[in-house]
Each structure stands twice: as C-alpha cells, then as structure tokens.
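Trainee: Below is the file entry-v9.cif, which contains mmCIF, C-alpha atoms.
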data_entry
loop_
_atom_site.label_atom_id
_atom_site.label_comp_id
_atom_site.auth_asym_id
_atom_site.auth_seq_id
_atom_site.Cartn_x
_atom_site.Cartn_y
_atom_site.Cartn_z
CA MET A 87 242.10 17.01 55.93
CA SER A 88 243.65 17.41 52.47
CA TYR A 89 245.72 14.96 50.46
CA LEU A 90 247.33 14.99 47.04
CA GLN A 91 249.48 12.66 44.99
CA VAL A 92 253.16 13.55 44.95
CA ARG A 93 255.20 11.29 42.70
CA GLY A 94 252.59 8.58 43.17
CA VAL A 95 252.50 8.85 46.98
CA GLU A 96 249.59 10.29 48.94
CA HIS A 97 250.78 13.31 50.93
CA TYR A 98 248.92 15.14 53.69
CA TYR A 99 248.95 18.95 53.67
CA GLU A 100 247.06 21.77 55.31
CA TRP A 101 246.71 25.52 54.90
CA ILE A 102 246.73 27.92 57.82
CA LYS A 103 245.34 31.25 56.64
CA GLN A 104 243.39 34.22 57.86
CA PRO A 105 240.04 34.40 56.08
CA SER A 106 239.33 37.20 53.61
CA THR A 107 242.61 39.08 53.95
CA GLY A 108 243.69 39.04 50.32
CA VAL A 109 246.71 37.45 48.69
CA LYS A 110 249.82 37.03 50.85
CA PRO A 111 253.20 35.43 50.27
CA VAL A 112 253.35 31.76 51.20
CA MET A 113 255.60 30.24 53.84
CA VAL A 114 256.11 26.48 53.60
CA PHE A 115 257.05 24.55 56.75
CA VAL A 116 259.11 21.34 56.61
CA HIS A 117 259.33 19.11 59.69
CA GLY A 118 262.20 16.94 60.91
CA TRP A 119 262.87 13.23 61.33
CA ALA A 120 259.99 11.12 62.68
CA GLY A 121 257.84 14.20 63.22
CA SER A 122 254.94 15.78 61.38
CA CYS A 123 253.80 19.21 60.37
CA ARG A 124 251.65 19.62 63.46
CA TYR A 125 254.49 20.86 65.66
CA TRP A 126 254.80 23.82 63.27
CA ARG A 127 251.20 24.97 63.76
CA SER A 128 251.81 27.42 66.60
CA THR A 129 254.65 29.07 64.66
CA ALA A 130 252.53 29.29 61.52
CA GLU A 131 249.60 30.79 63.42
CA ALA A 132 251.90 33.47 64.83
CA LEU A 133 252.93 34.50 61.30
CA LEU A 134 249.44 34.77 59.81
CA ASP A 135 249.52 38.56 59.70
CA LYS A 136 252.23 38.34 57.02
CA PHE A 137 251.88 34.91 55.39
CA ASP A 138 249.59 32.18 54.20
CA CYS A 139 251.20 29.09 55.72
CA LEU A 140 251.46 25.68 54.06
CA LEU A 141 252.24 22.68 56.25
CA TYR A 142 252.75 19.13 54.99
CA ASP A 143 253.92 15.74 56.19
CA MET A 144 256.94 14.31 54.42
CA ARG A 145 256.67 10.93 52.77
CA GLY A 146 256.55 8.14 55.37
CA PHE A 147 255.81 10.45 58.29
CA GLY A 148 252.73 11.91 59.93
CA ARG A 149 249.65 11.30 57.82
CA SER A 150 251.50 10.91 54.51
CA ARG A 151 251.87 7.48 52.98
CA ALA A 152 255.25 5.83 52.44
CA GLU A 153 254.55 3.91 49.24
CA THR A 154 253.01 4.46 45.83
CA GLN A 155 249.62 3.08 44.86
CA ASP A 156 251.24 -0.01 43.31
CA GLY A 157 253.06 -0.74 46.58
CA SER A 158 256.52 0.36 45.47
CA LYS A 159 258.61 2.72 47.57
CA LEU A 160 260.80 5.63 46.59
CA SER A 161 264.36 6.17 47.75
CA TYR A 162 265.02 7.68 51.18
CA GLU A 163 267.79 9.95 49.88
CA LEU A 164 267.30 13.53 51.01
CA THR A 165 267.58 14.71 47.42
CA GLU A 166 264.44 12.67 46.70
CA TYR A 167 262.59 14.43 49.53
CA ALA A 168 263.68 17.74 47.98
CA GLU A 169 262.11 16.57 44.72
CA ASP A 170 258.93 15.66 46.62
CA LEU A 171 258.77 19.28 47.80
CA ALA A 172 259.23 20.59 44.27
CA VAL A 173 256.37 18.45 42.98
CA LEU A 174 254.16 19.41 45.93
CA LEU A 175 254.63 23.09 45.07
CA ASN A 176 253.90 22.36 41.41
CA GLU A 177 250.68 20.55 42.30
CA LEU A 178 249.55 23.52 44.41
CA ASN A 179 250.61 26.01 41.72
CA LEU A 180 253.09 27.77 44.01
CA HIS A 181 255.95 29.34 42.09
CA ARG A 182 257.93 31.33 44.67
CA VAL A 183 257.73 30.83 48.43
CA TYR A 184 259.43 31.31 51.77
CA ILE A 185 260.54 28.09 53.48
CA ASN A 186 261.07 27.33 57.17
CA ALA A 187 262.51 23.88 57.78
CA HIS A 188 263.66 22.00 60.88
CA SER A 189 266.40 19.44 61.56
CA MET A 190 266.42 16.74 58.85
CA GLY A 191 263.88 18.85 57.00
CA ALA A 192 266.41 21.69 57.01
CA SER A 193 268.87 19.47 55.14
CA VAL A 194 266.13 18.70 52.62
CA ALA A 195 265.41 22.43 52.31
CA THR A 196 269.09 23.28 51.76
CA LEU A 197 269.18 20.83 48.87
CA PHE A 198 265.96 22.35 47.53
CA PHE A 199 267.38 25.91 47.78
CA ASN A 200 270.29 24.99 45.52
CA ARG A 201 268.23 23.01 43.02
CA TYR A 202 265.40 25.53 42.76
CA PRO A 203 266.75 28.92 43.92
CA GLN A 204 264.31 30.76 41.67
CA ARG A 205 261.44 29.33 43.73
CA VAL A 206 262.63 30.57 47.15
CA GLU A 207 262.36 34.16 48.34
CA LYS A 208 264.11 33.54 51.67
CA GLY A 209 264.83 30.44 53.73
CA ILE A 210 264.93 29.68 57.44
CA LEU A 211 266.82 26.61 58.65
CA THR A 212 266.01 25.72 62.24
CA CYS A 213 268.54 23.45 63.96
CA SER A 214 270.74 22.54 61.03
CA GLY A 215 274.45 22.04 60.61
CA ILE A 216 277.31 20.07 59.16
CA PHE A 217 278.53 16.80 60.67
CA GLU A 218 282.10 15.63 60.33
CA TYR A 219 282.36 11.98 59.39
CA ASP A 220 283.56 9.66 62.14
CA GLU A 221 283.29 5.98 61.22
CA LYS A 222 283.04 4.66 64.79
CA ALA A 223 280.64 7.36 65.97
CA PHE A 224 278.39 6.92 62.93
CA ALA A 225 278.36 3.12 63.38
CA ALA A 226 277.32 3.56 67.02
CA PHE A 227 274.63 6.02 65.97
CA TYR A 228 273.23 3.56 63.41
CA LYS A 229 273.15 0.75 65.96
CA PHE A 230 271.30 2.93 68.45
CA GLY A 231 268.96 4.26 65.73
CA VAL A 232 267.97 0.77 64.62
CA LEU A 233 267.06 -0.16 68.20
CA VAL A 234 265.04 3.02 68.69
CA VAL A 235 263.07 2.50 65.48
CA LYS A 236 262.41 -1.19 66.23
CA PHE A 237 261.16 -0.61 69.77
CA ARG A 238 258.08 1.57 69.22
CA PRO A 239 255.06 -0.28 70.66
CA GLN A 240 251.76 1.59 70.48
CA TRP A 241 251.34 1.30 74.23
CA LEU A 242 254.45 3.44 74.72
CA GLY A 243 252.36 6.58 74.30
CA LYS A 244 250.05 5.54 77.12
CA ILE A 245 252.75 5.23 79.77
CA PRO A 246 252.69 8.13 82.27
CA LEU A 247 255.64 10.51 81.73
CA ALA A 248 256.78 8.64 78.61
CA ASP A 249 256.49 11.83 76.58
CA ARG A 250 258.64 13.71 79.08
CA MET A 251 261.33 11.01 79.06
CA PHE A 252 261.25 10.71 75.28
CA MET A 253 261.66 14.45 74.73
CA ALA A 254 264.28 15.00 77.43
CA ARG A 255 267.18 14.75 74.99
CA PHE A 256 265.49 17.13 72.53
CA LEU A 257 264.67 19.93 74.96
CA HIS A 258 266.46 22.30 77.28
CA SER A 259 263.42 24.37 78.27
CA PRO A 260 259.93 22.91 78.82
CA ILE A 261 257.21 22.86 76.18
CA PRO A 262 253.48 22.09 76.65
CA GLN A 263 252.61 18.48 77.40
CA ALA A 264 250.36 18.30 74.35
CA GLU A 265 253.34 19.13 72.13
CA ARG A 266 255.47 16.43 73.78
CA GLN A 267 252.73 13.83 73.42
CA ALA A 268 252.13 14.74 69.78
CA PHE A 269 255.78 14.31 68.89
CA LEU A 270 255.98 10.98 70.72
CA GLN A 271 252.92 9.75 68.84
CA ASP A 272 254.36 10.90 65.50
CA PHE A 273 257.52 8.94 66.31
CA ILE A 274 255.51 5.83 67.18
CA ASP A 275 253.43 6.09 64.01
CA ALA A 276 256.28 6.81 61.56
CA ASP A 277 256.69 4.23 58.80
CA TYR A 278 259.39 1.75 59.79
CA ASP A 279 261.33 1.75 56.51
CA SER A 280 261.12 5.53 56.16
CA ALA A 281 262.28 6.17 59.72
CA LEU A 282 265.17 3.73 59.37
CA GLY A 283 266.05 4.70 55.81
CA THR A 284 266.34 8.40 56.59
CA ILE A 285 268.59 7.70 59.57
CA PHE A 286 271.09 6.14 57.17
CA THR A 287 270.75 8.85 54.50
CA SER A 288 270.68 11.96 56.70
CA VAL A 289 273.63 10.99 58.93
CA SER A 290 276.10 9.46 56.52
CA LYS A 291 279.55 9.84 55.04
CA GLU A 292 277.96 11.09 51.83
CA GLN A 293 276.03 13.80 53.67
CA ALA A 294 279.12 14.81 55.64
CA GLU A 295 280.92 15.31 52.32
CA THR A 296 278.01 16.85 50.42
CA MET A 297 276.46 19.35 52.83
CA PRO A 298 279.53 21.63 53.16
CA LEU A 299 279.41 22.06 49.38
CA GLU A 300 275.68 22.71 49.48
CA PHE A 301 276.04 25.43 52.12
CA ALA A 302 278.98 26.99 50.30
CA LYS A 303 277.01 27.46 47.06
CA LEU A 304 273.81 28.89 48.59
CA THR A 305 272.42 31.92 46.78
CA VAL A 306 269.13 32.12 48.70
CA PRO A 307 269.20 34.52 51.69
CA THR A 308 269.06 32.15 54.64
CA LEU A 309 268.64 32.45 58.40
CA LEU A 310 270.05 29.56 60.43
CA ILE A 311 268.61 29.36 63.94
CA ALA A 312 270.38 27.17 66.50
CA GLY A 313 269.50 26.21 70.05
CA GLU A 314 272.22 27.03 72.57
CA TYR A 315 271.97 23.60 74.24
CA ASP A 316 270.85 21.49 71.28
CA GLN A 317 272.15 17.95 71.84
CA ILE A 318 270.89 16.62 68.50
CA ILE A 319 272.55 19.19 66.23
CA PRO A 320 274.87 21.21 68.48
CA LYS A 321 275.16 24.90 67.73
CA GLU A 322 278.81 24.43 66.73
CA LEU A 323 277.63 22.44 63.70
CA GLY A 324 275.39 25.34 62.74
CA GLU A 325 278.24 27.79 63.20
CA HIS A 326 280.36 25.68 60.86
CA ALA A 327 277.62 25.64 58.23
CA ALA A 328 277.01 29.39 58.46
CA SER A 329 280.73 30.14 58.11
CA LEU A 330 280.75 28.66 54.62
CA SER A 331 278.42 31.21 53.01
CA ASP A 332 277.86 34.94 53.24
CA LYS A 333 274.21 34.21 52.40
CA VAL A 334 273.68 32.56 55.80
CA GLU A 335 272.95 34.57 58.94
CA LEU A 336 273.34 32.62 62.19
CA ILE A 337 271.28 33.20 65.33
CA VAL A 338 271.72 31.18 68.54
CA ILE A 339 268.73 31.29 70.88
CA PRO A 340 269.78 31.00 74.54
CA LYS A 341 268.39 28.34 76.87
CA THR A 342 266.85 26.23 74.11
CA GLY A 343 267.52 22.79 72.69
CA HIS A 344 266.35 21.17 69.46
CA PHE A 345 262.96 22.92 69.34
CA PRO A 346 263.70 26.64 69.86
CA MET A 347 260.44 27.62 68.10
CA LEU A 348 258.54 25.85 70.90
CA GLU A 349 260.94 26.37 73.82
CA ASP A 350 261.19 30.15 73.36
CA ALA A 351 258.58 31.11 70.80
CA GLU A 352 258.77 34.84 71.52
CA THR A 353 262.50 35.12 70.80
CA TYR A 354 262.27 32.75 67.84
CA LEU A 355 259.49 34.75 66.19
CA GLN A 356 261.27 38.03 66.80
CA LYS A 357 264.40 36.73 65.06
CA VAL A 358 262.29 35.47 62.16
CA HIS A 359 260.51 38.84 61.83
CA ASP A 360 263.84 40.68 61.94
CA PHE A 361 265.25 38.49 59.19
CA LEU A 362 262.19 38.80 56.98
CA GLY A 363 262.08 42.54 57.41
#
Written as structure tokens, that's how I'd like the structure from this file.
Mentor:
Amino acid sequence: MSYLQVRGVEHYYEWIKQPSTGVKPVMVFVHGWAGSCRYWRSTAEALLDKFDCLLYDMRGFGRSRAETQDGSKLSYELTEYAEDLAVLLNELNLHRVYINAHSMGASVATLFFNRYPQRVEKGILTCSGIFEYDEKAFAAFYKFGVLVVKFRPQWLGKIPLADRMFMARFLHSPIPQAERQAFLQDFIDADYDSALGTIFTSVSKEQAETMPLEFAKLTVPTLLIAGEYDQIIPKELGEHAASLSDKVELIVIPKTGHFPMLEDAETYLQKVHDFLG
C-alpha cells in the first residue's frame, strides 16, 4: 500500500502494471462520490496491454485521509479536488496522461481538463452530465443526502442483502457481489464531512451554472460514456453536456445504470479502445 502527501493530506494510490514490458502511457482513474479506486481495478487490469494504470483515493474517501497533519481540512469544492489531482501528478512526476473518471470524479476531471489541458492526452468521463438548477428539487436532495450520510452504522455492511439493496438504485444489470459489498463498505467508511461537503458542492446552483461553461470550452478530446438506465445521472444529462462541445463524443451503453464499466465490461472496454484508437 502506497501513500504520499498531497497538499498536506495523506493520499492512497496504487499502480497496476505489467512487469517488464517497458514504458507505456499512463491512464489515471478517478472514482466517484463515497467510493474508492478499488472499483476501477477490473477496468484497469483489462487495459494493461496498452497502459500503466494509476488508481488513487480522493481526499476523504477510501484509504485517503480527510485532514492535514495539523488537523485542518481543505475545502470540498470540486476545483480543490482538481488541484489535488494536479499535485498528485506532480509528486509522481507524471507530465501528460490519459484520465478516466466516474460520476463526481468526472466533474473533477472536467475541471482538471480545462485548467491543465497540456497534461491530458485524452479523457474519458463515465456517467457525467449537466444538471439544471431546481431550488425545490435540490433542497429535497440535500435533505435526503444528509440523512443518508448520517445513517451509516458499521453493522450495516453485515446485514444479509444490504449490499444488494444499497446498490439497487445505482445498477440496472447485476455486478459481482464482491463489487457491491466493496462499494457499500467504501460508503460506510467515507469521512463524514467529506461525504456531506461534496454533496453540497457537486450538486449545487454554482455547479449547474459552471459546468455548461466548462464543457463548452473543452479542448481535450473526450469520450462521455452514459448508462442507458442511469438513475443517478440520467443519459439525457450526458447528452446535454456532449452537445456543448465538438470535442466530446457521446456513447450510451444499453442495459446499464451508473456503473457501465462493471455492468457491461465488454462493451465498455470496446468503446474505450475504439476511442483511444
């Protein structure tokens, strides 16, 4: 297990590489809200013939810490998470990479693409899109989010079928039980302030106003992959985002929800290979 200091906060990262195969381009994987890099492992392993794969846990999630050594905490703005990624790449001496990011992580990646376009060869945004601001709907979402984050007892992961019930809203097609249990445990273990803080920063009036501008000014060639039946970020939101830039290619994977890379890995990987050439 490897850790390094990123802006004063201990971050977990891991390399997935084939031994003794020479230098390859690097693909960096960015996970979504309340998850960790481990749900990206199967995708990374499937791309090892072309890439060295870097996985990491964002600040406050997975095995990464949420606070600096002196006990202070950084902002939960997504722009700050984009800066975390920039510093992580600096610390690992990575100058130009491919990036594959999911859900909230895809919003972070979009911000990174526009701030550091010279550092990105191509980008893949999995389950991303643009929300329209609705005051009542957002208020209801915050209320529900606060309850979800507060009620996360450790024993929840030990209840039979809890993983299946928890993931039901995220999935349209089944994934292995081990993947469901891992995501449930990541959710249970996520830092309280980070989980709550990023709910308010990732689904907000500011983001609804900012992200259309971010998509419109993209210069990095980008593939946006949506799940046909995604209930978290419906494909229509991805279609809206893709329509704003000729740099964005949209693919909708049938019969999948919010985790198309796990629900239909074969199709997902084929679309990624096609895009990367």
Trainee: List the spatial neighbours of range 340-353 of chain A as a PyMOL selection string - criterion: any atom at most 9 Å away, all atoms listed in the file, same-chain residues fewer than 6 positions off excluded.
Mentor: chain A and resi 125-126+128-129+188-189+212-213+255-262+265+311-320
Trainee: Export C-alpha atoms of the chosen residues as a PDB file, in the frame of the given file?
Mentor:
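Contents of part.pdb, as written:
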ATOM      1  CA  TYR A 125     254.490  20.860  65.660  1.00  0.00           C
ATOM      2  CA  TRP A 126     254.800  23.820  63.270  1.00  0.00           C
ATOM      3  CA  SER A 128     251.810  27.420  66.600  1.00  0.00           C
ATOM      4  CA  THR A 129     254.650  29.070  64.660  1.00  0.00           C
ATOM      5  CA  HIS A 188     263.660  22.000  60.880  1.00  0.00           C
ATOM      6  CA  SER A 189     266.400  19.440  61.560  1.00  0.00           C
ATOM      7  CA  THR A 212     266.010  25.720  62.240  1.00  0.00           C
ATOM      8  CA  CYS A 213     268.540  23.450  63.960  1.00  0.00           C
ATOM      9  CA  ARG A 255     267.180  14.750  74.990  1.00  0.00           C
ATOM     10  CA  PHE A 256     265.490  17.130  72.530  1.00  0.00           C
ATOM     11  CA  LEU A 257     264.670  19.930  74.960  1.00  0.00           C
ATOM     12  CA  HIS A 258     266.460  22.300  77.280  1.00  0.00           C
ATOM     13  CA  SER A 259     263.420  24.370  78.270  1.00  0.00           C
ATOM     14  CA  PRO A 260     259.930  22.910  78.820  1.00  0.00           C
ATOM     15  CA  ILE A 261     257.210  22.860  76.180  1.00  0.00           C
ATOM     16  CA  PRO A 262     253.480  22.090  76.650  1.00  0.00           C
ATOM     17  CA  GLU A 265     253.340  19.130  72.130  1.00  0.00           C
ATOM     18  CA  ILE A 311     268.610  29.360  63.940  1.00  0.00           C
ATOM     19  CA  ALA A 312     270.380  27.170  66.500  1.00  0.00           C
ATOM     20  CA  GLY A 313     269.500  26.210  70.050  1.00  0.00           C
ATOM     21  CA  GLU A 314     272.220  27.030  72.570  1.00  0.00           C
ATOM     22  CA  TYR A 315     271.970  23.600  74.240  1.00  0.00           C
ATOM     23  CA  ASP A 316     270.850  21.490  71.280  1.00  0.00           C
ATOM     24  CA  GLN A 317     272.150  17.950  71.840  1.00  0.00           C
ATOM     25  CA  ILE A 318     270.890  16.620  68.500  1.00  0.00           C
ATOM     26  CA  ILE A 319     272.550  19.190  66.230  1.00  0.00           C
ATOM     27  CA  PRO A 320     274.870  21.210  68.480  1.00  0.00           C
TER      28      PRO A 320
END
Trainee: Take the PyMOL selection byres ((chain A and resi 172) around 10), apply it to the structure above, and return the hits as a PyMOL selection string.
Mentor: chain A and resi 92+166-171+173-177+180-181+198+201-202+205
Trainee: Emit the selected residues as an mmCIF file, in the coordinates of the input, including C-alpha atoms.
Mentor:
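Output (part13.cif):
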data_model
loop_
_atom_site.group_PDB
_atom_site.id
_atom_site.type_symbol
_atom_site.label_atom_id
_atom_site.label_comp_id
_atom_site.auth_asym_id
_atom_site.auth_seq_id
_atom_site.Cartn_x
_atom_site.Cartn_y
_atom_site.Cartn_z
ATOM 1 C CA VAL A 92 253.160 13.550 44.950
ATOM 2 C CA GLU A 166 264.440 12.670 46.700
ATOM 3 C CA TYR A 167 262.590 14.430 49.530
ATOM 4 C CA ALA A 168 263.680 17.740 47.980
ATOM 5 C CA GLU A 169 262.110 16.570 44.720
ATOM 6 C CA ASP A 170 258.930 15.660 46.620
ATOM 7 C CA LEU A 171 258.770 19.280 47.800
ATOM 8 C CA VAL A 173 256.370 18.450 42.980
ATOM 9 C CA LEU A 174 254.160 19.410 45.930
ATOM 10 C CA LEU A 175 254.630 23.090 45.070
ATOM 11 C CA ASN A 176 253.900 22.360 41.410
ATOM 12 C CA GLU A 177 250.680 20.550 42.300
ATOM 13 C CA LEU A 180 253.090 27.770 44.010
ATOM 14 C CA HIS A 181 255.950 29.340 42.090
ATOM 15 C CA PHE A 198 265.960 22.350 47.530
ATOM 16 C CA ARG A 201 268.230 23.010 43.020
ATOM 17 C CA TYR A 202 265.400 25.530 42.760
ATOM 18 C CA ARG A 205 261.440 29.330 43.730
#
Trainee: Find the residues near Thr284 in chain A: any atom within 6 Å, counting only C-alpha atoms, skip ones fewer than 4 places away on the same chain, and give them as number ranges by chain.
Mentor: A: 162, 280, 288
Trainee: Output C-alpha atoms of each residue in that selection to a file, as an mmCIF file, keeping the file's coordinate frame.
Mentor:
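Output file selection.cif is given in full below:
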data_model
loop_
_atom_site.group_PDB
_atom_site.id
_atom_site.type_symbol
_atom_site.label_atom_id
_atom_site.label_comp_id
_atom_site.auth_asym_id
_atom_site.auth_seq_id
_atom_site.Cartn_x
_atom_site.Cartn_y
_atom_site.Cartn_z
ATOM 1 C CA TYR A 162 265.020 7.680 51.180
ATOM 2 C CA SER A 280 261.120 5.530 56.160
ATOM 3 C CA SER A 288 270.680 11.960 56.700
#
Trainee: Could you tell me, as a count of residues only, exactly which residues end up selected when the PyMOL selection byres ((chain A and resi 211) around 9) is applied to this structure?
Mentor: 20
Trainee: Pick from A:Lys321, A:Val206, A:Lys103, A:Phe273: nearest to Arg238 in chain A, with all atoms listed in the file counted?
Mentor: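 With all atoms listed in the file as the atom set, the closest residue is A:Phe273.
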Trainee: Considering only C-alpha atoms, can you say which of A:Gly283, A:Met253, A:Leu336, A:Asn179 comes closest to Lys159 in chain A?
Mentor: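 Smallest separation from Lys159 in chain A among the options: A:Gly283.
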Trainee: Counting all atoms listed in the file, which of A:Arg266, A:Phe137, A:Phe230, A:Val338 gets nearest to Pro105 in chain A?
Mentor: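 Of A:Arg266, A:Phe137, A:Phe230, A:Val338, the one nearest Pro105 in chain A, counting all atoms listed in the file, is A:Phe137.
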Trainee: From the list A:Ala327, A:Ala132, A:Ala276, A:Leu141, which residue is nearest Glu300 in chain A when using all atoms listed in the file?
Mentor: A:Ala327
Trainee: For the structure provided, state which residues fall under the PyMOL selection byres ((chain A and resi 146-153) around 9), and present them as number ranges by chain.
Mentor: A: 89, 94-99, 119-124, 142-145, 154-160, 272-273, 275-281
Trainee: Output as JSON the centre and edge lengths (Å, one decimal) of the box along x, y and z of the file that holds every listed atom of range 269-286 of chain A after adding 5 Å on each side.
Mentor:
{"center_x": 262.0, "center_y": 8.0, "center_z": 63.3, "size_x": 28.2, "size_y": 22.6, "size_z": 24.9}
Trainee: Which polymer residues, protein or nucleic acid, are no farther than 8 Å from (251.7, 30.7, 57.7), counting only C-alpha atoms, as a PyMOL selection string?
Mentor: chain A and resi 101-103+112-114+129-134+136-140
Trainee: For Phe224 in chain A, which of A:Asp249, A:Glu163, A:Glu207, A:Glu292 is the closest residue, counting only C-alpha atoms?
Mentor: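 Smallest distance to Phe224 in chain A is found for A:Glu292.
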Trainee: With distances taken over all atoms listed in the file, which residue among A:Val116, A:Leu90, A:Ile216, A:Met190 lies nearest Lys291 in chain A?
Mentor: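 Smallest distance to Lys291 in chain A is found for A:Ile216.
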Trainee: State, in Å with one decimal place, the distance from CA of Thr296 in chain A to CA of Val194 in chain A.
Mentor: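 Taking CA of Thr296 in chain A and CA of Val194 in chain A, their separation equals 12.2 Å.
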Trainee: So what do you get for CA of Ile339 in chain A versus CA of Leu355 in chain A, distance-wise?
Mentor: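 Interatomic distance here is 10.9 Å.
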Trainee: For Tyr228 in chain A, work out the shell of residues within 12 Å, counting all atoms listed in the file and skipping chain neighbours fewer than 6 positions away, then give it as a PDB file with C-alpha atoms, keeping the file's coordinate frame.
Mentor:
ATOM      1  CA  GLU A 221     283.290   5.980  61.220  1.00  0.00           C
ATOM      2  CA  LYS A 222     283.040   4.660  64.790  1.00  0.00           C
ATOM      3  CA  VAL A 234     265.040   3.020  68.690  1.00  0.00           C
ATOM      4  CA  VAL A 235     263.070   2.500  65.480  1.00  0.00           C
ATOM      5  CA  ALA A 281     262.280   6.170  59.720  1.00  0.00           C
ATOM      6  CA  LEU A 282     265.170   3.730  59.370  1.00  0.00           C
ATOM      7  CA  GLY A 283     266.050   4.700  55.810  1.00  0.00           C
ATOM      8  CA  THR A 284     266.340   8.400  56.590  1.00  0.00           C
ATOM      9  CA  ILE A 285     268.590   7.700  59.570  1.00  0.00           C
ATOM     10  CA  PHE A 286     271.090   6.140  57.170  1.00  0.00           C
ATOM     11  CA  THR A 287     270.750   8.850  54.500  1.00  0.00           C
ATOM     12  CA  SER A 288     270.680  11.960  56.700  1.00  0.00           C
ATOM     13  CA  VAL A 289     273.630  10.990  58.930  1.00  0.00           C
ATOM     14  CA  SER A 290     276.100   9.460  56.520  1.00  0.00           C
TER      15      SER A 290
END
Trainee: Using all atoms listed in the file, determine which residues lie at most 8 Å from Lys208 in chain A, disregarding the query and same-chain residues fewer than 6 positions distant; provide the list as a list in words.
Mentor: Val183, Tyr184, Ile185, Val306, Pro307, Thr308 and Leu362 of chain A
Trainee: Complete the atom set of range 322-336 of chain A to N, CA and C atoms and return it as a PDB file, in the coordinates of the input.
Mentor:
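Writing the result to part.pdb gives the following:
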ATOM      1  N   GLU A 322     277.528  24.354  67.425  1.00  0.00           N
ATOM      2  CA  GLU A 322     278.810  24.430  66.730  1.00  0.00           C
ATOM      3  C   GLU A 322     278.705  23.929  65.291  1.00  0.00           C
ATOM      4  N   LEU A 323     277.825  22.950  65.066  1.00  0.00           N
ATOM      5  CA  LEU A 323     277.630  22.440  63.700  1.00  0.00           C
ATOM      6  C   LEU A 323     276.925  23.482  62.843  1.00  0.00           C
ATOM      7  N   GLY A 324     276.025  24.245  63.455  1.00  0.00           N
ATOM      8  CA  GLY A 324     275.390  25.340  62.740  1.00  0.00           C
ATOM      9  C   GLY A 324     276.361  26.468  62.453  1.00  0.00           C
ATOM     10  N   GLU A 325     277.234  26.753  63.406  1.00  0.00           N
ATOM     11  CA  GLU A 325     278.240  27.790  63.200  1.00  0.00           C
ATOM     12  C   GLU A 325     279.166  27.424  62.044  1.00  0.00           C
ATOM     13  N   HIS A 326     279.519  26.146  61.969  1.00  0.00           N
ATOM     14  CA  HIS A 326     280.360  25.680  60.860  1.00  0.00           C
ATOM     15  C   HIS A 326     279.643  25.878  59.528  1.00  0.00           C
ATOM     16  N   ALA A 327     278.381  25.489  59.465  1.00  0.00           N
ATOM     17  CA  ALA A 327     277.620  25.640  58.230  1.00  0.00           C
ATOM     18  C   ALA A 327     277.518  27.101  57.814  1.00  0.00           C
ATOM     19  N   ALA A 328     277.202  27.973  58.767  1.00  0.00           N
ATOM     20  CA  ALA A 328     277.010  29.390  58.460  1.00  0.00           C
ATOM     21  C   ALA A 328     278.310  30.046  57.991  1.00  0.00           C
ATOM     22  N   SER A 329     279.441  29.545  58.473  1.00  0.00           N
ATOM     23  CA  SER A 329     280.730  30.140  58.110  1.00  0.00           C
ATOM     24  C   SER A 329     281.092  29.927  56.654  1.00  0.00           C
ATOM     25  N   LEU A 330     280.401  29.014  55.991  1.00  0.00           N
ATOM     26  CA  LEU A 330     280.750  28.660  54.620  1.00  0.00           C
ATOM     27  C   LEU A 330     280.088  29.542  53.573  1.00  0.00           C
ATOM     28  N   SER A 331     279.154  30.401  53.984  1.00  0.00           N
ATOM     29  CA  SER A 331     278.420  31.210  53.010  1.00  0.00           C
ATOM     30  C   SER A 331     278.057  32.569  53.587  1.00  0.00           C
ATOM     31  N   ASP A 332     278.271  33.617  52.800  1.00  0.00           N
ATOM     32  CA  ASP A 332     277.860  34.940  53.240  1.00  0.00           C
ATOM     33  C   ASP A 332     276.359  35.148  53.061  1.00  0.00           C
ATOM     34  N   LYS A 333     275.678  34.147  52.530  1.00  0.00           N
ATOM     35  CA  LYS A 333     274.210  34.210  52.400  1.00  0.00           C
ATOM     36  C   LYS A 333     273.507  33.726  53.661  1.00  0.00           C
ATOM     37  N   VAL A 334     274.273  33.154  54.603  1.00  0.00           N
ATOM     38  CA  VAL A 334     273.680  32.560  55.800  1.00  0.00           C
ATOM     39  C   VAL A 334     273.941  33.445  57.012  1.00  0.00           C
ATOM     40  N   GLU A 335     272.864  33.828  57.677  1.00  0.00           N
ATOM     41  CA  GLU A 335     272.950  34.570  58.940  1.00  0.00           C
ATOM     42  C   GLU A 335     272.643  33.598  60.075  1.00  0.00           C
ATOM     43  N   LEU A 336     273.504  33.550  61.072  1.00  0.00           N
ATOM     44  CA  LEU A 336     273.340  32.620  62.190  1.00  0.00           C
ATOM     45  C   LEU A 336     272.817  33.336  63.426  1.00  0.00           C
TER      46      LEU A 336
END
